[in-house]
$ cat structure-v5.txt   # compact mmCIF, C-alpha atoms
# COMPACT_ATOMS: atom_id res chain seq x y z
CA MET S 1 32.96 -16.46 192.30
CA ILE S 2 36.27 -15.63 190.60
CA GLY S 3 34.51 -14.09 187.61
CA TYR S 4 32.26 -11.98 189.80
CA ILE S 5 35.11 -10.45 191.80
CA ILE S 6 37.00 -9.67 188.59
CA LEU S 7 33.95 -8.04 187.05
CA HIS S 8 33.47 -6.03 190.22
CA ASP S 9 37.11 -4.98 190.70
CA LYS S 10 38.15 -4.46 187.07
CA PHE S 11 34.93 -3.42 185.35
CA GLY S 12 32.83 -1.87 188.11
CA PHE S 13 30.05 -4.46 188.17
CA GLY S 14 27.77 -4.07 191.14
CA GLN S 15 25.05 -6.28 192.53
CA LYS S 16 22.51 -5.48 189.80
CA ARG S 17 24.78 -6.37 186.88
CA ILE S 18 26.10 -9.50 188.58
CA VAL S 19 22.56 -10.69 189.33
CA ARG S 20 21.64 -9.93 185.72
CA LEU S 21 24.67 -11.94 184.55
CA GLN S 22 23.61 -14.86 186.76
CA LYS S 23 20.11 -14.81 185.28
CA LEU S 24 21.48 -14.66 181.74
CA LEU S 25 23.85 -17.55 182.44
CA LYS S 26 20.89 -19.61 183.62
CA GLN S 27 18.94 -18.71 180.48
CA TYR S 28 21.86 -19.66 178.23
CA LEU S 29 22.28 -22.96 180.13
CA ASP S 30 18.56 -23.66 179.73
CA VAL S 31 18.82 -23.06 175.97
CA ALA S 32 21.87 -25.35 175.74
CA SER S 33 20.17 -28.12 177.73
CA ALA S 34 17.16 -27.89 175.43
CA GLY S 35 19.40 -28.57 172.42
CA GLY S 36 20.14 -24.95 171.46
CA GLU S 37 23.46 -23.14 171.33
CA ASN S 38 25.93 -24.67 173.74
CA GLY S 39 29.44 -23.89 174.95
CA ARG S 40 31.01 -25.43 171.84
CA ASP S 41 28.81 -23.33 169.52
CA LEU S 42 29.48 -20.14 171.48
CA SER S 43 33.19 -20.87 171.62
CA ALA S 44 33.31 -21.24 167.82
CA MET S 45 31.47 -17.94 167.46
CA MET S 46 33.89 -16.19 169.87
CA LYS S 47 36.86 -17.48 167.88
CA GLN S 48 35.43 -16.64 164.47
CA LYS S 49 33.94 -13.25 165.30
CA TYR S 50 36.28 -11.89 167.99
CA GLU S 51 39.43 -14.02 167.66
CA ILE S 52 39.11 -15.27 171.24
CA ASP S 53 40.06 -18.94 171.43
CA VAL S 54 38.26 -20.32 174.48
CA GLN S 55 39.88 -23.74 174.13
CA GLU S 56 43.34 -22.16 174.09
CA LYS S 57 42.49 -20.13 177.19
CA VAL S 58 41.46 -23.29 179.03
CA ARG S 59 44.59 -25.12 177.84
CA SER S 60 46.73 -22.30 179.24
CA VAL S 61 45.68 -23.25 182.78
CA PRO S 62 47.98 -26.01 184.04
CA GLN S 63 46.16 -29.30 184.62
CA ARG S 64 47.46 -29.47 188.17
CA GLN S 65 45.84 -26.14 189.03
CA LEU S 66 42.42 -27.16 187.73
CA MET S 67 42.68 -30.52 189.47
CA ILE S 68 43.60 -28.89 192.79
CA LEU S 69 40.64 -26.52 192.67
CA TYR S 70 38.14 -29.16 191.58
CA ALA S 71 39.39 -31.89 193.90
CA LYS S 72 39.19 -29.49 196.87
CA LYS S 73 35.43 -29.47 196.46
CA GLY S 74 35.41 -33.25 196.85
CA PHE S 75 33.26 -33.84 193.79
CA CYS S 76 35.28 -36.58 192.19
CA ILE S 77 38.33 -38.72 192.22
CA GLU S 78 41.58 -37.14 191.10
CA ARG S 79 41.81 -38.83 187.70
CA GLU S 80 38.43 -37.36 186.73
CA ALA S 81 39.16 -33.89 188.14
CA TYR S 82 40.98 -32.50 185.11
CA ARG S 83 38.44 -33.66 182.55
CA LEU S 84 35.53 -32.29 184.58
CA SER S 85 37.21 -29.06 185.60
CA SER S 86 38.49 -28.22 182.12
CA ALA S 87 35.04 -28.89 180.64
CA SER S 88 33.47 -26.69 183.32
CA LEU S 89 35.95 -23.88 182.69
CA PHE S 90 35.45 -24.18 178.92
CA ASN S 91 31.67 -23.88 179.22
CA TYR S 92 31.94 -21.10 181.79
CA PHE S 93 34.23 -19.04 179.56
CA ALA S 94 32.19 -19.69 176.40
CA LEU S 95 28.90 -18.69 178.04
CA THR S 96 30.22 -15.81 180.12
CA LEU S 97 32.31 -14.23 177.37
CA THR S 98 29.35 -14.40 174.98
CA ILE S 99 27.06 -12.75 177.52
CA LEU S 100 29.63 -10.10 178.45
CA LYS S 101 30.07 -9.23 174.77
CA LYS S 102 26.44 -9.40 173.62
CA GLU S 103 24.55 -8.21 176.68
CA PHE S 104 27.04 -6.00 178.51
CA LYS S 105 28.92 -4.72 175.43
CA LEU S 106 32.42 -5.36 176.79
CA SER S 107 35.16 -4.87 174.21
CA VAL S 108 37.34 -7.72 172.94
CA LYS S 109 40.22 -6.23 174.92
CA GLN S 110 38.09 -6.30 178.09
CA LEU S 111 37.13 -9.92 177.42
CA GLN S 112 40.82 -10.77 177.08
CA GLN S 113 41.52 -8.97 180.36
CA PHE S 114 38.70 -10.91 182.02
CA THR S 115 40.05 -14.30 180.93
CA ASP S 116 43.65 -13.36 181.74
CA LYS S 117 42.68 -12.19 185.23
CA SER S 118 40.55 -15.33 185.75
CA ILE S 119 43.54 -17.51 184.91
CA ASP S 120 45.69 -15.43 187.26
CA TYR S 121 43.18 -15.95 190.11
CA ILE S 122 43.14 -19.71 189.45
CA ASP S 123 46.93 -19.69 189.66
CA THR S 124 46.85 -17.79 192.95
CA LEU S 125 44.18 -20.01 194.48
CA ALA S 126 45.99 -23.20 193.44
CA ASN S 127 49.59 -22.26 194.17
CA TYR S 128 50.20 -19.49 196.59
CA LYS S 129 49.20 -20.57 200.06
CA GLN S 130 51.13 -17.69 201.61
CA PHE S 131 48.56 -15.25 200.24
CA GLN S 132 45.73 -17.28 201.78
CA LEU S 133 43.33 -16.30 199.01
CA THR S 134 40.28 -18.51 199.21
CA VAL S 135 36.93 -18.64 197.46
CA PRO S 136 35.10 -17.90 200.75
CA MET S 137 37.24 -14.76 201.10
CA ILE S 138 36.23 -13.68 197.59
CA ALA S 139 32.58 -14.35 198.44
CA GLU S 140 32.86 -12.36 201.65
CA THR S 141 34.37 -9.42 199.77
CA LEU S 142 31.47 -9.41 197.29
CA ALA S 143 28.96 -9.62 200.11
CA ASP S 144 30.60 -6.74 201.98
CA GLU S 145 31.21 -4.46 199.01
CA ILE S 146 28.11 -4.90 196.87
CA LYS S 147 25.73 -6.96 199.03
CA PHE S 148 25.94 -9.88 196.61
CA VAL S 149 25.66 -13.29 198.25
CA CYS S 150 26.54 -16.41 196.31
CA ASP S 151 25.91 -20.01 197.28
CA LEU S 152 29.35 -21.59 197.53
CA GLU S 153 27.90 -25.09 197.29
CA VAL S 154 26.89 -24.63 193.64
$ encode --input "structure-v5.txt" --output "structure tokens"
Amino acid sequence: MIGYIILHDKFGFGQKRIVRLQKLLKQYLDVASAGGENGRDLSAMMKQKYEIDVQEKVRSVPQRQLMILYAKKGFCIEREAYRLSSASLFNYFALTLTILKKEFKLSVKQLQQFTDKSIDYIDTLANYKQFQLTVPMIAETLADEIKFVCDLEV
């Protein structure tokens, strides 16, 4: 959800491009699950080819923030939250950045802006209750502005 609102707000993605991104993410995940290129492979390529260090980006998000966001969903106990959430964020960034570069032709600078803004949103969601920014609010904004509806249970 965070990535979609950033792509919409910062890069003008509408419903068609977001749906296309979703489909491509599913294809990339299918390839990875079948033993093909996975997040680690794509991360290495992003670092070598474009000097974007996915692992460093994930490490820049404080553990507490990732744990708060993951634990809120009730998926796991707290001690597992960081390991699972950092792995999820790593794979999300590796796959999404690769797709945004290869399929949507975003520049390296735009990819950096995307990851920086994603980390900023995570910070806001985890820390700043006074702003009352929530994932359902982000989803509602996307639904209102571009008629894109996302399943929040995924």
$ closest_residue --input "structure-v5.txt" --among "S:Ile138, S:Met45, S:Val58, S:Gly14" --to "Lys101 (chain S)" --atoms "all atoms listed in the file"
S:Met45
$ atom_distance --input "structure-v5.txt" --atom1 "CA of Asp53 (chain S)" --atom2 "CA of Leu97 (chain S)"
10.8 Å
$ residues_around --input "structure-v5.txt" --residues "Ser86 (chain S)" --least-positions-apart "5" --cutoff "10 Å" --atoms "all atoms listed in the file" --output "PyMOL selection string"
chain S and resi 55+58-59+61-63+66-67+70+81+91-92
$ atom_distance --input "structure-v5.txt" --atom1 "CA of Ala44 (chain S)" --atom2 "CA of Lys57 (chain S)"
13.2 Å
$ residues_around --input "structure-v5.txt" --residues "Ile5 (chain S)" --least-positions-apart "4" --cutoff "10 Å" --atoms "all atoms listed in the file" --output "PyMOL selection string"
chain S and resi 1+9-14+18+118+121+138-139+141-142
$ build_atoms --input "structure-v5.txt" --residues "region 40-51 of chain S" --atoms "all heavy atoms" --output "PDB file, in the frame of the given file"
ATOM      1  N   ARG S  40      30.213 -25.202 173.048  1.00  0.00           N
ATOM      2  CA  ARG S  40      31.010 -25.430 171.840  1.00  0.00           C
ATOM      3  C   ARG S  40      30.602 -24.461 170.733  1.00  0.00           C
ATOM      4  O   ARG S  40      31.446 -23.875 170.050  1.00  0.00           O
ATOM      5  CB  ARG S  40      30.863 -26.877 171.394  1.00  0.00           C
ATOM      6  CG  ARG S  40      31.722 -27.201 170.189  1.00  0.00           C
ATOM      7  CD  ARG S  40      31.826 -28.688 169.922  1.00  0.00           C
ATOM      8  NE  ARG S  40      32.769 -29.225 170.899  1.00  0.00           N
ATOM      9  CZ  ARG S  40      32.535 -30.279 171.666  1.00  0.00           C
ATOM     10  NH1 ARG S  40      31.408 -30.921 171.586  1.00  0.00           N
ATOM     11  NH2 ARG S  40      33.441 -30.704 172.516  1.00  0.00           N
ATOM     12  N   ASP S  41      29.294 -24.258 170.550  1.00  0.00           N
ATOM     13  CA  ASP S  41      28.810 -23.330 169.520  1.00  0.00           C
ATOM     14  C   ASP S  41      29.261 -21.902 169.833  1.00  0.00           C
ATOM     15  O   ASP S  41      29.721 -21.176 168.944  1.00  0.00           O
ATOM     16  CB  ASP S  41      27.273 -23.340 169.461  1.00  0.00           C
ATOM     17  CG  ASP S  41      26.693 -24.699 169.115  1.00  0.00           C
ATOM     18  OD1 ASP S  41      27.328 -25.445 168.337  1.00  0.00           O
ATOM     19  OD2 ASP S  41      25.607 -25.017 169.635  1.00  0.00           O
ATOM     20  N   LEU S  42      29.115 -21.506 171.085  1.00  0.00           N
ATOM     21  CA  LEU S  42      29.480 -20.140 171.480  1.00  0.00           C
ATOM     22  C   LEU S  42      30.980 -19.931 171.402  1.00  0.00           C
ATOM     23  O   LEU S  42      31.444 -18.854 171.019  1.00  0.00           O
ATOM     24  CB  LEU S  42      28.950 -19.846 172.883  1.00  0.00           C
ATOM     25  CG  LEU S  42      27.420 -19.895 173.016  1.00  0.00           C
ATOM     26  CD1 LEU S  42      27.014 -19.739 174.474  1.00  0.00           C
ATOM     27  CD2 LEU S  42      26.759 -18.833 172.153  1.00  0.00           C
ATOM     28  N   SER S  43      31.744 -20.958 171.728  1.00  0.00           N
ATOM     29  CA  SER S  43      33.190 -20.870 171.620  1.00  0.00           C
ATOM     30  C   SER S  43      33.610 -20.663 170.156  1.00  0.00           C
ATOM     31  O   SER S  43      34.488 -19.837 169.865  1.00  0.00           O
ATOM     32  CB  SER S  43      33.838 -22.154 172.163  1.00  0.00           C
ATOM     33  OG  SER S  43      35.208 -22.173 171.891  1.00  0.00           O
ATOM     34  N   ALA S  44      33.000 -21.393 169.252  1.00  0.00           N
ATOM     35  CA  ALA S  44      33.310 -21.240 167.820  1.00  0.00           C
ATOM     36  C   ALA S  44      32.973 -19.826 167.348  1.00  0.00           C
ATOM     37  O   ALA S  44      33.741 -19.216 166.591  1.00  0.00           O
ATOM     38  CB  ALA S  44      32.544 -22.279 167.004  1.00  0.00           C
ATOM     39  N   MET S  45      31.855 -19.302 167.819  1.00  0.00           N
ATOM     40  CA  MET S  45      31.470 -17.940 167.460  1.00  0.00           C
ATOM     41  C   MET S  45      32.472 -16.926 168.003  1.00  0.00           C
ATOM     42  O   MET S  45      32.866 -15.997 167.307  1.00  0.00           O
ATOM     43  CB  MET S  45      30.059 -17.634 167.986  1.00  0.00           C
ATOM     44  CG  MET S  45      29.511 -16.262 167.629  1.00  0.00           C
ATOM     45  SD  MET S  45      29.884 -14.912 168.789  1.00  0.00           S
ATOM     46  CE  MET S  45      29.233 -15.501 170.322  1.00  0.00           C
ATOM     47  N   MET S  46      32.921 -17.116 169.267  1.00  0.00           N
ATOM     48  CA  MET S  46      33.890 -16.190 169.870  1.00  0.00           C
ATOM     49  C   MET S  46      35.202 -16.197 169.084  1.00  0.00           C
ATOM     50  O   MET S  46      35.814 -15.154 168.874  1.00  0.00           O
ATOM     51  CB  MET S  46      34.164 -16.552 171.335  1.00  0.00           C
ATOM     52  CG  MET S  46      32.994 -16.351 172.284  1.00  0.00           C
ATOM     53  SD  MET S  46      32.350 -14.662 172.368  1.00  0.00           S
ATOM     54  CE  MET S  46      33.720 -13.788 173.068  1.00  0.00           C
ATOM     55  N   LYS S  47      35.602 -17.371 168.638  1.00  0.00           N
ATOM     56  CA  LYS S  47      36.860 -17.480 167.880  1.00  0.00           C
ATOM     57  C   LYS S  47      36.726 -16.847 166.503  1.00  0.00           C
ATOM     58  O   LYS S  47      37.594 -16.080 166.079  1.00  0.00           O
ATOM     59  CB  LYS S  47      37.266 -18.945 167.755  1.00  0.00           C
ATOM     60  CG  LYS S  47      38.633 -19.132 167.130  1.00  0.00           C
ATOM     61  CD  LYS S  47      39.070 -20.576 167.171  1.00  0.00           C
ATOM     62  CE  LYS S  47      40.480 -20.717 166.616  1.00  0.00           C
ATOM     63  NZ  LYS S  47      40.941 -22.106 166.685  1.00  0.00           N
ATOM     64  N   GLN S  48      35.641 -17.149 165.823  1.00  0.00           N
ATOM     65  CA  GLN S  48      35.430 -16.640 164.470  1.00  0.00           C
ATOM     66  C   GLN S  48      35.208 -15.125 164.459  1.00  0.00           C
ATOM     67  O   GLN S  48      35.805 -14.402 163.670  1.00  0.00           O
ATOM     68  CB  GLN S  48      34.252 -17.347 163.825  1.00  0.00           C
ATOM     69  CG  GLN S  48      33.964 -16.883 162.413  1.00  0.00           C
ATOM     70  CD  GLN S  48      32.749 -17.576 161.833  1.00  0.00           C
ATOM     71  OE1 GLN S  48      31.868 -18.036 162.559  1.00  0.00           O
ATOM     72  NE2 GLN S  48      32.699 -17.642 160.516  1.00  0.00           N
ATOM     73  N   LYS S  49      34.356 -14.653 165.329  1.00  0.00           N
ATOM     74  CA  LYS S  49      33.940 -13.250 165.300  1.00  0.00           C
ATOM     75  C   LYS S  49      34.900 -12.306 166.032  1.00  0.00           C
ATOM     76  O   LYS S  49      35.100 -11.181 165.602  1.00  0.00           O
ATOM     77  CB  LYS S  49      32.541 -13.150 165.907  1.00  0.00           C
ATOM     78  CG  LYS S  49      31.788 -11.921 165.517  1.00  0.00           C
ATOM     79  CD  LYS S  49      30.324 -12.060 165.896  1.00  0.00           C
ATOM     80  CE  LYS S  49      29.560 -10.850 165.423  1.00  0.00           C
ATOM     81  NZ  LYS S  49      28.150 -10.935 165.721  1.00  0.00           N
ATOM     82  N   TYR S  50      35.484 -12.791 167.150  1.00  0.00           N
ATOM     83  CA  TYR S  50      36.280 -11.890 167.990  1.00  0.00           C
ATOM     84  C   TYR S  50      37.718 -12.354 168.198  1.00  0.00           C
ATOM     85  O   TYR S  50      38.469 -11.729 168.946  1.00  0.00           O
ATOM     86  CB  TYR S  50      35.595 -11.725 169.365  1.00  0.00           C
ATOM     87  CG  TYR S  50      34.177 -11.262 169.252  1.00  0.00           C
ATOM     88  CD1 TYR S  50      33.133 -12.103 169.610  1.00  0.00           C
ATOM     89  CD2 TYR S  50      33.866  -9.988 168.774  1.00  0.00           C
ATOM     90  CE1 TYR S  50      31.820 -11.697 169.503  1.00  0.00           C
ATOM     91  CE2 TYR S  50      32.553  -9.577 168.655  1.00  0.00           C
ATOM     92  CZ  TYR S  50      31.534 -10.434 169.021  1.00  0.00           C
ATOM     93  OH  TYR S  50      30.225 -10.028 168.910  1.00  0.00           O
ATOM     94  N   GLU S  51      38.076 -13.464 167.557  1.00  0.00           N
ATOM     95  CA  GLU S  51      39.430 -14.020 167.660  1.00  0.00           C
ATOM     96  C   GLU S  51      39.825 -14.343 169.104  1.00  0.00           C
ATOM     97  O   GLU S  51      40.978 -14.187 169.489  1.00  0.00           O
ATOM     98  CB  GLU S  51      40.451 -13.100 167.000  1.00  0.00           C
ATOM     99  CG  GLU S  51      40.211 -12.936 165.514  1.00  0.00           C
ATOM    100  CD  GLU S  51      41.223 -12.037 164.832  1.00  0.00           C
ATOM    101  OE1 GLU S  51      42.213 -11.631 165.472  1.00  0.00           O
ATOM    102  OE2 GLU S  51      41.024 -11.750 163.646  1.00  0.00           O
TER     103      GLU S  51
END
